[in-house]
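Structure file my_file.tsv (TSV, C-alpha atoms and all ligand atoms) follows.
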chain	number	residue	atom	x	y	z
A	392	MET	CA	92.12	106.76	78.75
A	393	GLY	CA	93.43	107.95	82.09
A	394	GLN	CA	89.99	107.52	83.52
A	395	CYS	CA	89.93	103.84	82.49
A	396	LYS	CA	93.24	103.21	84.22
A	397	GLU	CA	92.02	104.83	87.41
A	398	ILE	CA	88.97	102.63	87.50
A	399	THR	CA	91.14	99.54	87.00
A	400	VAL	CA	93.42	100.55	89.84
A	401	GLU	CA	90.45	101.25	92.09
A	402	THR	CA	88.94	97.86	91.30
A	403	GLU	CA	92.21	96.10	92.08
A	404	ARG	CA	92.45	98.02	95.32
A	405	LEU	CA	88.94	96.92	96.21
A	406	LEU	CA	89.85	93.32	95.37
A	407	VAL	CA	92.85	93.47	97.68
A	408	ILE	CA	90.75	94.99	100.44
A	409	ARG	CA	88.03	92.44	99.91
A	410	ARG	CA	90.52	89.58	100.12
A	411	ARG	CA	92.66	90.90	102.95
A	412	TYR	CA	89.88	92.08	105.21
A	413	GLN	CA	87.19	89.67	104.10
A	414	ALA	CA	84.95	92.59	103.32
A	415	VAL	CA	81.36	91.62	102.84
A	416	GLU	CA	79.12	92.91	100.12
A	417	ASP	CA	76.01	94.31	101.64
A	418	TRP	CA	73.26	96.76	100.86
A	419	CYS	CA	74.14	100.32	101.78
A	420	GLU	CA	70.99	102.30	102.46
A	421	ASP	CA	72.77	105.59	101.93
A	422	CYS	CA	74.34	104.59	98.61
A	423	GLY	CA	71.14	102.87	97.60
A	424	ALA	CA	73.37	100.17	96.16
A	425	LEU	CA	75.47	97.18	97.06
A	426	ALA	CA	78.72	98.18	98.68
A	427	LEU	CA	81.69	96.51	100.28
A	428	MET	CA	81.48	96.85	104.03
A	429	ILE	CA	84.27	96.47	106.59
A	430	ARG	CA	84.66	96.83	110.33
A	431	PRO	CA	85.79	100.17	111.81
A	432	ASP	CA	89.23	98.86	112.80
A	433	GLN	CA	89.72	97.58	109.28
A	434	ALA	CA	88.49	100.88	107.87
A	435	ALA	CA	91.14	102.62	109.94
A	436	ALA	CA	93.83	100.29	108.58
A	437	VAL	CA	92.67	100.69	104.99
A	438	SER	CA	92.55	104.47	105.09
A	439	GLY	CA	95.61	104.91	107.29
A	440	ARG	CA	93.63	106.87	109.85
A	441	THR	CA	92.91	106.36	113.49
A	442	LEU	CA	89.91	104.46	114.78
A	443	ARG	CA	88.85	107.65	116.52
A	444	ALA	CA	88.89	109.57	113.23
A	445	ILE	CA	86.74	106.86	111.69
A	446	PHE	CA	84.14	107.14	114.45
A	447	THR	CA	84.19	110.92	114.21
A	448	ASP	CA	83.33	110.64	110.52
A	449	ILE	CA	80.60	108.12	111.26
A	450	GLU	CA	79.02	110.55	113.69
A	451	ALA	CA	79.46	113.45	111.28
A	452	GLY	CA	77.69	111.40	108.63
A	453	THR	CA	80.68	111.52	106.30
A	454	LEU	CA	80.96	107.75	106.31
A	455	HIS	CA	78.05	105.48	105.54
A	456	TYR	CA	77.63	102.71	108.02
A	457	ARG	CA	75.32	99.91	108.90
A	458	GLU	CA	74.64	98.78	112.42
A	459	LEU	CA	74.05	95.07	112.72
A	460	PRO	CA	71.61	93.62	115.25
A	461	ASP	CA	74.51	92.47	117.45
A	462	GLY	CA	75.87	96.03	117.65
A	463	LEU	CA	78.67	95.49	115.14
A	464	ILE	CA	79.22	98.41	112.82
A	465	LEU	CA	80.18	97.99	109.20
A	466	ILE	CA	81.48	100.86	107.14
A	467	CYS	CA	80.70	101.46	103.48
A	468	LEU	CA	83.92	101.37	101.48
A	469	ASN	CA	82.47	103.68	98.83
A	470	THR	CA	82.51	106.57	101.27
A	471	LEU	CA	85.71	105.49	103.03
A	472	LEU	CA	87.75	105.58	99.84
A	473	ASN	CA	86.27	108.91	98.77
A	474	VAL	CA	87.01	110.84	101.94
B	1	ZN	ZN	77.35	103.78	101.14

Would you mind writing the file's structure down as structure tokens?
Amino acid sequence: MGQCKEITVETERLLVIRRRYQAVEDWCEDCGALALMIRPDQAAAVSGRTLRAIFTDIEAGTLHYRELPDGLILICLNTLLNV
């Protein structure tokens, strides 16, 4: 039962994030699944961490990310929320 509630809360959190930050759903190679992706500055805001900490985790491979052709980086929310 508790598990169900947690999932509901997580989904609502994702909905809020999706709406507030206009997260895009994109394929995450590392998840091998569709994931919500947001920009690094947004990832910092969502997780309450610094932009520098976000980039450190990207380089450490802790956070999944996708580099777009124009150099923009999008971060996989699956990994961001699990850190
Ligand atoms: Zn991922």

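Between ligand ZN 1 (chain B) and the residues A:Gln433, A:Asn473, A:Cys419, A:Glu458, the shortest atom-to-atom distance, using all atoms listed in the file, involves A:Cys419.
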
Open item on the list: as a ChimeraX atom specification, please: every protein or nucleic acid residue near ligand ZN 1 (chain B) (cut-off 10 Å, counting all atoms listed in the file).
Closed with: /A:417-428,453-457,466-471

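The spacing separating CA of Val437 in chain A from CA of Leu472 in chain A amounts to 8.6 Å.
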
For range 410-427 of chain A, supply N, CA and C atoms and report the output as a CSV table (one decimal), in the coordinates of the input.
chain,number,residue,atom,x,y,z
A,410,ARG,N,89.8,90.8,99.8
A,410,ARG,CA,90.5,89.6,100.1
A,410,ARG,C,91.2,89.7,101.5
A,411,ARG,N,91.9,90.8,101.7
A,411,ARG,CA,92.7,90.9,103.0
A,411,ARG,C,91.8,91.0,104.2
A,412,TYR,N,90.7,91.8,104.0
A,412,TYR,CA,89.9,92.1,105.2
A,412,TYR,C,88.6,91.3,105.2
A,413,GLN,N,88.4,90.4,104.2
A,413,GLN,CA,87.2,89.7,104.1
A,413,GLN,C,86.0,90.6,104.2
A,414,ALA,N,86.1,91.7,103.4
A,414,ALA,CA,85.0,92.6,103.3
A,414,ALA,C,83.7,91.9,102.8
A,415,VAL,N,82.6,92.3,103.3
A,415,VAL,CA,81.4,91.6,102.8
A,415,VAL,C,80.6,92.6,102.0
A,416,GLU,N,79.9,92.1,101.0
A,416,GLU,CA,79.1,92.9,100.1
A,416,GLU,C,77.7,93.0,100.7
A,417,ASP,N,77.3,94.2,101.0
A,417,ASP,CA,76.0,94.3,101.6
A,417,ASP,C,75.3,95.5,101.1
A,418,TRP,N,74.0,95.6,101.3
A,418,TRP,CA,73.3,96.8,100.9
A,418,TRP,C,73.6,98.0,101.7
A,419,CYS,N,73.9,99.1,101.0
A,419,CYS,CA,74.1,100.3,101.8
A,419,CYS,C,72.9,101.2,101.5
A,420,GLU,N,72.2,101.5,102.6
A,420,GLU,CA,71.0,102.3,102.5
A,420,GLU,C,71.3,103.7,101.9
A,421,ASP,N,72.4,104.2,102.3
A,421,ASP,CA,72.8,105.6,101.9
A,421,ASP,C,73.2,105.7,100.5
A,422,CYS,N,73.9,104.6,100.0
A,422,CYS,CA,74.3,104.6,98.6
A,422,CYS,C,73.1,104.2,97.8
A,423,GLY,N,72.2,103.4,98.4
A,423,GLY,CA,71.1,102.9,97.6
A,423,GLY,C,71.7,101.8,96.6
A,424,ALA,N,72.7,101.2,97.0
A,424,ALA,CA,73.4,100.2,96.2
A,424,ALA,C,74.2,99.2,97.0
A,425,LEU,N,74.6,98.1,96.4
A,425,LEU,CA,75.5,97.2,97.1
A,425,LEU,C,76.8,97.8,97.3
A,426,ALA,N,77.4,97.6,98.4
A,426,ALA,CA,78.7,98.2,98.7
A,426,ALA,C,79.5,97.2,99.5
A,427,LEU,N,80.8,97.3,99.4
A,427,LEU,CA,81.7,96.5,100.3
A,427,LEU,C,81.7,97.2,101.7
